[in-house]
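Structure file model12.txt with compact mmCIF, C-alpha atoms:
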```txt
# COMPACT_ATOMS: atom_id res chain seq x y z
CA MET X 1 -17.33 2.19 17.83
CA THR X 2 -17.02 -0.52 15.19
CA ASN X 3 -19.33 -2.28 12.78
CA ASP X 4 -19.42 -5.20 15.21
CA ILE X 5 -21.45 -3.11 17.64
CA TYR X 6 -25.23 -2.94 17.55
CA ILE X 7 -26.85 -0.10 19.45
CA ASP X 8 -30.50 0.83 19.69
CA GLU X 9 -29.97 4.48 20.60
CA SER X 10 -33.28 4.79 22.41
CA ARG X 11 -32.47 2.01 24.85
CA TYR X 12 -28.92 2.38 26.08
CA GLU X 13 -26.63 4.63 28.07
CA ILE X 14 -22.88 5.02 28.29
CA VAL X 15 -21.57 3.56 31.56
CA GLN X 16 -18.28 4.92 32.87
CA LEU X 17 -15.83 2.23 33.97
CA PRO X 18 -14.13 2.56 37.39
CA SER X 19 -10.82 1.38 35.87
CA LYS X 20 -10.91 4.28 33.39
CA GLY X 21 -9.73 1.72 30.85
CA GLU X 22 -6.21 1.63 32.26
CA CYS X 23 -6.19 -2.16 32.65
CA TYR X 24 -7.05 -2.81 28.98
CA ARG X 25 -4.94 -2.63 25.86
CA ASN X 26 -7.54 -0.53 24.06
CA LYS X 27 -7.95 1.79 27.10
CA VAL X 28 -11.76 1.73 26.76
CA LYS X 29 -13.11 4.03 29.50
CA GLU X 30 -16.82 3.55 28.94
CA LEU X 31 -19.25 1.08 27.42
CA PRO X 32 -22.73 1.31 25.90
CA VAL X 33 -25.10 -0.78 28.01
CA GLY X 34 -28.72 -1.53 27.15
CA TYR X 35 -31.56 -1.01 29.58
CA LEU X 36 -33.25 -4.07 31.05
CA THR X 37 -36.44 -5.17 29.31
CA ALA X 38 -39.22 -7.59 30.17
CA LEU X 39 -37.44 -10.27 28.13
CA ASP X 40 -34.42 -10.00 30.41
CA GLU X 41 -36.56 -11.34 33.25
CA ASN X 42 -36.16 -14.74 31.58
CA ILE X 43 -32.42 -14.50 32.21
CA ILE X 44 -32.65 -13.07 35.73
CA THR X 45 -35.14 -15.69 36.92
CA SER X 46 -33.70 -18.69 35.05
CA PRO X 47 -33.28 -21.58 37.54
CA GLN X 48 -30.57 -23.16 35.38
CA LEU X 49 -28.49 -19.98 35.17
CA LEU X 50 -28.88 -19.40 38.89
CA GLU X 51 -27.85 -22.95 39.69
CA ASN X 52 -24.67 -22.87 37.63
CA GLY X 53 -23.82 -19.29 38.62
CA THR X 54 -23.83 -17.81 35.12
CA MET X 55 -26.84 -15.50 35.27
CA CYS X 56 -24.73 -12.34 35.44
CA ASP X 57 -22.43 -13.58 32.67
CA VAL X 58 -25.37 -14.12 30.30
CA LEU X 59 -27.00 -10.83 31.28
CA LEU X 60 -23.79 -8.84 30.76
CA GLU X 61 -23.13 -10.53 27.43
CA LYS X 62 -26.56 -9.46 26.23
CA LYS X 63 -26.68 -5.93 27.65
CA THR X 64 -23.07 -4.85 26.93
CA LEU X 65 -23.53 -3.56 23.40
CA ASP X 66 -19.88 -3.25 22.40
CA LYS X 67 -19.41 -6.74 20.98
CA THR X 68 -15.65 -6.27 20.65
CA ILE X 69 -15.52 -6.65 24.45
CA ASN X 70 -15.43 -10.06 26.12
CA VAL X 71 -17.32 -9.45 29.36
CA GLU X 72 -15.36 -12.22 31.10
CA ASP X 73 -12.22 -10.13 30.62
CA LEU X 74 -13.65 -7.06 32.33
CA CYS X 75 -11.89 -6.26 35.57
CA ILE X 76 -14.05 -7.03 38.58
CA ALA X 77 -14.90 -3.41 39.42
CA ASP X 78 -15.98 -2.61 35.86
CA ARG X 79 -18.22 -5.65 35.86
CA GLU X 80 -19.70 -4.59 39.19
CA ALA X 81 -20.33 -1.04 37.93
CA ILE X 82 -22.33 -2.33 34.95
CA LEU X 83 -24.35 -4.72 37.10
CA LEU X 84 -25.09 -1.94 39.58
CA TRP X 85 -26.22 0.34 36.75
CA LEU X 86 -28.50 -2.39 35.36
CA ARG X 87 -30.02 -2.99 38.78
CA ARG X 88 -30.61 0.70 39.55
CA THR X 89 -32.08 1.59 36.16
CA GLY X 90 -34.13 -1.60 36.00
CA TYR X 91 -35.54 -1.84 39.51
CA GLY X 92 -34.72 1.39 41.32
CA ASP X 93 -32.34 2.39 44.09
CA THR X 94 -34.00 0.61 47.02
CA TYR X 95 -32.69 -2.83 47.90
CA SER X 96 -34.70 -4.46 50.67
CA TYR X 97 -33.88 -7.62 52.56
CA ILE X 98 -34.65 -9.51 55.74
CA ASP X 99 -31.74 -9.66 58.19
CA GLU X 100 -30.91 -12.56 60.52
CA SER X 101 -33.26 -11.24 63.20
CA GLY X 102 -36.19 -11.21 60.76
CA GLU X 103 -36.25 -7.43 60.51
CA GLU X 104 -36.69 -5.78 57.11
CA LYS X 105 -33.78 -3.55 56.12
CA GLU X 106 -33.10 -1.34 53.14
CA ILE X 107 -29.97 -0.26 51.27
CA ASP X 108 -29.90 2.87 49.11
CA LEU X 109 -27.97 1.75 46.04
CA SER X 110 -27.44 5.34 44.92
CA ILE X 111 -24.84 5.88 47.67
CA ILE X 112 -22.61 3.04 46.47
CA ALA X 113 -19.63 4.72 44.85
CA PHE X 114 -16.37 3.61 43.26
CA LYS X 115 -13.03 5.02 44.31
CA ASP X 116 -11.02 7.27 42.03
CA PHE X 117 -8.57 4.96 40.28
CA THR X 118 -5.36 6.89 39.57
CA LEU X 119 -2.85 4.27 38.42
CA LYS X 120 -1.73 4.34 34.79
CA GLY X 121 -1.39 1.09 32.89
CA ASP X 122 1.15 0.51 30.13
CA GLU X 123 0.25 -0.32 26.53
CA GLN X 124 -0.66 -3.86 27.62
CA GLY X 125 -2.82 -2.69 30.52
CA HIS X 126 -0.19 -3.80 33.05
CA PHE X 127 1.08 -1.97 36.12
CA GLU X 128 4.45 -1.81 37.87
CA TYR X 129 5.24 -2.13 41.56
CA VAL X 130 8.64 -2.15 43.27
CA LEU X 131 8.81 -4.38 46.32
CA PRO X 132 10.72 -3.32 49.46
CA ASN X 133 13.55 -5.70 48.48
CA GLY X 134 13.90 -4.02 45.08
CA ASP X 135 12.18 -6.66 42.98
CA VAL X 136 10.14 -5.08 40.18
CA ILE X 137 6.87 -6.80 39.36
CA LYS X 138 4.56 -6.22 36.45
CA TYR X 139 1.00 -7.16 37.23
CA ARG X 140 -2.51 -6.94 35.88
CA ILE X 141 -5.89 -6.34 37.48
CA LEU X 142 -7.86 -9.51 38.14
CA THR X 143 -10.89 -10.21 35.95
CA HIS X 144 -14.07 -12.15 36.59
CA ARG X 145 -12.52 -15.03 34.64
CA ASP X 146 -9.62 -15.04 37.13
CA GLU X 147 -12.03 -14.78 40.05
CA THR X 148 -13.93 -17.84 38.83
CA GLU X 149 -10.77 -19.91 38.37
CA ILE X 150 -9.47 -18.93 41.81
CA SER X 151 -12.78 -19.89 43.41
CA ARG X 152 -12.62 -23.31 41.71
CA PHE X 153 -9.07 -23.82 42.92
CA VAL X 154 -10.03 -22.99 46.52
CA GLU X 155 -13.00 -25.35 46.28
CA GLN X 156 -10.70 -28.10 44.98
CA ILE X 157 -8.32 -27.70 47.93
CA ASP X 158 -11.23 -27.62 50.38
CA ASN X 159 -12.53 -30.89 48.92
CA GLU X 160 -9.08 -32.47 49.25
CA ILE X 161 -8.98 -31.52 52.94
CA ILE X 162 -12.50 -32.88 53.45
CA SER X 163 -11.34 -36.12 51.82
CA GLY X 164 -8.60 -36.43 54.41
CA LYS X 165 -5.57 -34.68 52.94
CA ASP X 166 -3.29 -33.36 55.67
CA MET X 167 -2.53 -29.66 55.18
CA SER X 168 -1.52 -27.01 57.69
CA GLU X 169 -3.27 -23.64 57.74
CA THR X 170 -0.10 -21.91 56.56
CA GLU X 171 0.33 -24.39 53.68
CA TYR X 172 -3.32 -23.90 52.69
CA TYR X 173 -3.14 -20.12 52.56
CA CYS X 174 0.26 -20.20 50.86
CA LYS X 175 -1.13 -22.38 48.05
CA VAL X 176 -4.07 -20.01 47.59
CA ALA X 177 -1.83 -16.93 47.67
CA GLN X 178 0.53 -18.40 45.08
CA TYR X 179 -2.37 -19.33 42.80
CA ILE X 180 -3.82 -15.81 42.99
CA LEU X 181 -0.46 -14.24 42.19
CA GLN X 182 0.14 -16.67 39.33
CA HIS X 183 -2.93 -15.13 37.73
CA GLN X 184 -2.00 -11.56 38.54
CA ILE X 185 1.78 -11.20 38.20
CA VAL X 186 3.01 -10.94 34.61
CA SER X 187 6.76 -10.71 35.26
CA VAL X 188 9.34 -10.25 38.01
CA ASN X 189 12.50 -8.27 37.19
CA GLY X 190 11.73 -8.75 33.52
CA SER X 191 11.38 -12.53 33.77
CA TYR X 192 8.10 -14.21 32.85
CA ASP X 193 8.96 -17.35 34.83
CA ILE X 194 7.41 -16.38 38.15
CA ASP X 195 6.81 -19.82 39.71
CA GLU X 196 10.35 -20.14 41.06
CA TRP X 197 10.17 -16.60 42.47
CA LEU X 198 6.83 -17.34 44.16
CA ASN X 199 8.22 -20.53 45.73
CA GLU X 200 11.04 -18.52 47.31
CA GLN X 201 8.72 -16.05 49.02
CA GLN X 202 7.51 -16.26 52.60
CA TYR X 203 3.76 -16.53 53.11
CA GLU X 204 3.56 -13.25 55.03
CA ASP X 205 5.27 -11.45 52.13
CA LEU X 206 2.84 -12.98 49.64
CA LYS X 207 -0.08 -11.98 51.85
CA LYS X 208 1.14 -8.37 52.06
CA LEU X 209 1.60 -8.27 48.29
CA ILE X 210 -1.93 -9.54 47.67
CA GLU X 211 -3.33 -7.00 50.13
CA TYR X 212 -1.44 -4.21 48.36
CA LEU X 213 -2.58 -5.25 44.90
CA ARG X 214 -6.16 -5.61 46.10
CA GLY X 215 -6.05 -2.19 47.72
CA GLU X 216 -4.70 -0.54 44.58
CA ALA X 217 -7.22 -2.18 42.25
CA PRO X 218 -10.39 -0.37 41.09
CA GLY X 219 -13.23 -0.97 43.50
CA THR X 220 -15.98 0.48 45.65
CA ILE X 221 -15.48 2.99 48.43
CA SER X 222 -18.34 1.28 50.23
CA ASN X 223 -20.77 -1.33 48.99
CA GLU X 224 -22.96 -1.20 52.11
CA GLY X 225 -22.20 -4.87 52.74
CA LEU X 226 -23.89 -5.93 49.49
CA GLU X 227 -22.07 -8.11 46.99
CA LEU X 228 -22.37 -6.54 43.54
CA ASN X 229 -23.26 -9.73 41.75
CA GLU X 230 -26.47 -11.73 41.24
CA ASP X 231 -27.50 -10.73 44.77
CA LEU X 232 -28.37 -7.31 43.34
CA PHE X 233 -31.32 -8.75 41.45
CA TYR X 234 -33.10 -10.49 44.30
CA ASN X 235 -35.04 -9.40 47.38
CA PHE X 236 -35.81 -6.04 45.79
CA LYS X 237 -39.04 -4.08 46.14
```
If you convert what's in this file into structure tokens, what do you get?
Amino acid sequence: MTNDIYIDESRYEIVQLPSKGECYRNKVKELPVGYLTALDENIITSPQLLENGTMCDVLLEKKTLDKTINVEDLCIADREAILLWLRRTGYGDTYSYIDESGEEKEIDLSIIAFKDFTLKGDEQGHFEYVLPNGDVIKYRILTHRDETEISRFVEQIDNEIISGKDMSETEYYCKVAQYILQHQIVSVNGSYDIDEWLNEQQYEDLKKLIEYLRGEAPGTISNEGLELNEDLFYNFK
């Protein structure tokens, strides 16, 4: 811990990160996270934060007590683990909701578990994968910052199509796949210029690569169909 960290020892716990710190340069495996308080209700129920989709960002910034960590640079699974911990310790393990038929259902949050992440990152927090054709790629685990930028890109393309731009389904998915991999791939065969390499790949190969990288990333074994984001903090008992 550093002098930049403020911890009230009576109001925090150490949360283990699903990534085990392998996707970070500092290899941080755990973070001190403060318990929710009554004041945090102002964040959780803020109409403005809900509208612009930043409620979880503000909440994580406040409750993650290691101030050397930028919460936007947490890999997605680590972010989800902290949000799940905040929800369970703040409101309990029962998540209730009304399904499409109008019937009340419940999810036991205590059974949501993260898979055992076994990959080892290098000193930069990057990982290596050798493709079937022999190409060696260095890649990183996507963060919430990446996720946000990818979502904006997809929305932009969708708006272009709505406005009348002609684009085939294959072209659409190829653009999205390339954009995702531009965020995730660091180098190919030692070269940091990956755009040309991406343009030479077939869509099906890009799709398989994305599926592989997603499958190898830290994540939940089962989330019971519940998105581990702001949805956690609504419709609870």
Mind running region 107-163 of chain X against region 216-223 of chain X at 7 Å and telling me each contacting residue's nearest atom pair with the distance in Å (one decimal), counting all atoms listed in the file, chain and number ascending, as a tab-separated table?
```
residue	atom	partner	partner_atom	distance
X:Ile112	CA	X:Asn223	CA	5.4
X:Ala113	CA	X:Thr220	CA	5.7
X:Phe114	CA	X:Thr220	CA	4.0
X:Lys115	CA	X:Ile221	CA	5.2
X:Phe117	CA	X:Pro218	CA	5.7
X:Ile141	CA	X:Ala217	CA	6.5
```
*At what distance in Å, to one decimal, does CA of Cys174 (chain X) lie from CA of Asn229 (chain X)?*
27.3 Å
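The nearest approach to Cys23 (chain X) among the residues X:Tyr97, X:Tyr139, X:Tyr91, X:Tyr192, with all atoms listed in the file taken into account, belongs to X:Tyr139.
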Counting all atoms listed in the file, give me one row per residue of region 1-74 of chain X with an atom at most 10 Å from an atom of region 118-126 of chain X, showing the shortest contact pair and its distance in Å to one decimal, sorted by chain then residue number, as a Markdown table.
```
| residue | atom | partner | partner_atom | distance |
| --- | --- | --- | --- | --- |
| X:Ser19 | CA | X:Thr118 | CA | 8.6 |
| X:Lys20 | CA | X:Thr118 | CA | 8.7 |
| X:Gly21 | CA | X:Gly125 | CA | 8.2 |
| X:Glu22 | CA | X:Gly121 | CA | 4.9 |
| X:Cys23 | CA | X:Gly125 | CA | 4.0 |
| X:Tyr24 | CA | X:Gly125 | CA | 4.5 |
| X:Arg25 | CA | X:Gln124 | CA | 4.8 |
| X:Asn26 | CA | X:Glu123 | CA | 8.2 |
| X:Lys27 | CA | X:Gly125 | CA | 7.6 |
```
For region 94-195 of chain X against region 72-82 of chain X, with a cut-off of 9 Å and counting only C-alpha atoms, what is the closest atom pair and its distance in Å to one decimal for every residue that makes the cut, ordered by chain and number, as CSV?
```
residue,atom,partner,partner_atom,distance
X:Phe114,CA,X:Ala81,CA,8.1
X:Ile141,CA,X:Cys75,CA,6.3
X:Leu142,CA,X:Cys75,CA,5.8
X:Thr143,CA,X:Cys75,CA,4.1
X:His144,CA,X:Ile76,CA,5.5
X:Arg145,CA,X:Glu72,CA,5.3
X:Asp146,CA,X:Asp73,CA,8.6
X:Glu147,CA,X:Ile76,CA,8.1
```
*For each of X:Thr37, X:Asn199, X:Gln16, X:Asn52, take the minimum atom-to-atom distance to Thr148 (chain X), counting all atoms listed in the file, then give the residue where this is smallest.*
X:Asn52
*How far is it from CA of Thr170 (chain X) to CA of Phe127 (chain X), in Å with one decimal?*
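Answer for the CA of Thr170 (chain X) to CA of Phe127 (chain X) separation: 28.6 Å.
Between Leu131 (chain X) and the residues X:Glu227, X:Asp205, X:Asp57, X:Glu160, the shortest atom-to-atom distance, using only C-alpha atoms, involves X:Asp205.
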*Measuring atom to atom with all atoms listed in the file, identify which of X:Glu224, X:Glu171, X:Tyr179, X:Asn133 is nearest to Ser110 (chain X).*
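Under the stated criterion, the closest residue is X:Glu224.
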*asked:* One number please: CA of Ile137 (chain X) to CA of His183 (chain X), in Å, one decimal.
replied: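 The value is 13.0 Å.
Closest approach to Asp231 (chain X) from the set X:Leu206, X:Ile14, X:Cys56, X:Ile157 is made by X:Cys56, with distances taken over all atoms listed in the file.
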_Nearest to Pro132 (chain X) by atom-to-atom distance, counting only C-alpha atoms, from X:Leu209, X:Leu84, X:Val186, X:Leu232_ = X:Leu209
Model the absent atoms of region 55-70 of chain X so that N, CA, C and O atoms are present, and write the result as a tab-separated table (two decimals), keeping the file's coordinate frame.
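Now in part-v7.tsv:
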```tsv
chain	number	residue	atom	x	y	z
X	55	MET	N	-25.80	-16.47	35.62
X	55	MET	CA	-26.84	-15.50	35.27
X	55	MET	C	-26.24	-14.16	34.90
X	55	MET	O	-26.59	-13.56	33.87
X	56	CYS	N	-25.32	-13.65	35.72
X	56	CYS	CA	-24.73	-12.34	35.44
X	56	CYS	C	-23.90	-12.35	34.16
X	56	CYS	O	-23.88	-11.36	33.42
X	57	ASP	N	-23.23	-13.47	33.89
X	57	ASP	CA	-22.43	-13.58	32.67
X	57	ASP	C	-23.33	-13.44	31.43
X	57	ASP	O	-23.01	-12.70	30.50
X	58	VAL	N	-24.45	-14.15	31.44
X	58	VAL	CA	-25.37	-14.12	30.30
X	58	VAL	C	-26.00	-12.73	30.17
X	58	VAL	O	-26.13	-12.20	29.07
X	59	LEU	N	-26.37	-12.16	31.30
X	59	LEU	CA	-27.00	-10.83	31.28
X	59	LEU	C	-26.03	-9.78	30.75
X	59	LEU	O	-26.39	-8.95	29.90
X	60	LEU	N	-24.79	-9.81	31.22
X	60	LEU	CA	-23.79	-8.84	30.76
X	60	LEU	C	-23.47	-9.02	29.29
X	60	LEU	O	-23.29	-8.05	28.56
X	61	GLU	N	-23.41	-10.27	28.84
X	61	GLU	CA	-23.13	-10.53	27.43
X	61	GLU	C	-24.22	-9.93	26.55
X	61	GLU	O	-23.92	-9.39	25.48
X	62	LYS	N	-25.45	-9.99	27.01
X	62	LYS	CA	-26.56	-9.46	26.23
X	62	LYS	C	-26.63	-7.94	26.28
X	62	LYS	O	-26.87	-7.27	25.28
X	63	LYS	N	-26.42	-7.37	27.46
X	63	LYS	CA	-26.68	-5.93	27.65
X	63	LYS	C	-25.46	-5.06	27.34
X	63	LYS	O	-25.61	-3.85	27.14
X	64	THR	N	-24.25	-5.63	27.32
X	64	THR	CA	-23.07	-4.85	26.93
X	64	THR	C	-23.03	-4.82	25.41
X	64	THR	O	-22.79	-5.84	24.76
X	65	LEU	N	-23.27	-3.66	24.83
X	65	LEU	CA	-23.53	-3.56	23.40
X	65	LEU	C	-22.27	-3.48	22.54
X	65	LEU	O	-22.36	-3.63	21.33
X	66	ASP	N	-21.14	-3.23	23.14
X	66	ASP	CA	-19.88	-3.25	22.40
X	66	ASP	C	-19.43	-4.71	22.30
X	66	ASP	O	-18.90	-5.28	23.24
X	67	LYS	N	-19.67	-5.31	21.15
X	67	LYS	CA	-19.41	-6.74	20.98
X	67	LYS	C	-17.94	-7.04	20.70
X	67	LYS	O	-17.57	-8.19	20.49
X	68	THR	N	-17.08	-6.02	20.72
X	68	THR	CA	-15.65	-6.27	20.65
X	68	THR	C	-15.10	-6.57	22.03
X	68	THR	O	-13.92	-6.94	22.16
X	69	ILE	N	-15.93	-6.42	23.06
X	69	ILE	CA	-15.52	-6.65	24.45
X	69	ILE	C	-15.99	-8.01	24.93
X	69	ILE	O	-17.17	-8.35	24.80
X	70	ASN	N	-15.07	-8.81	25.46
X	70	ASN	CA	-15.43	-10.06	26.12
X	70	ASN	C	-15.71	-9.73	27.58
X	70	ASN	O	-14.79	-9.34	28.31
```
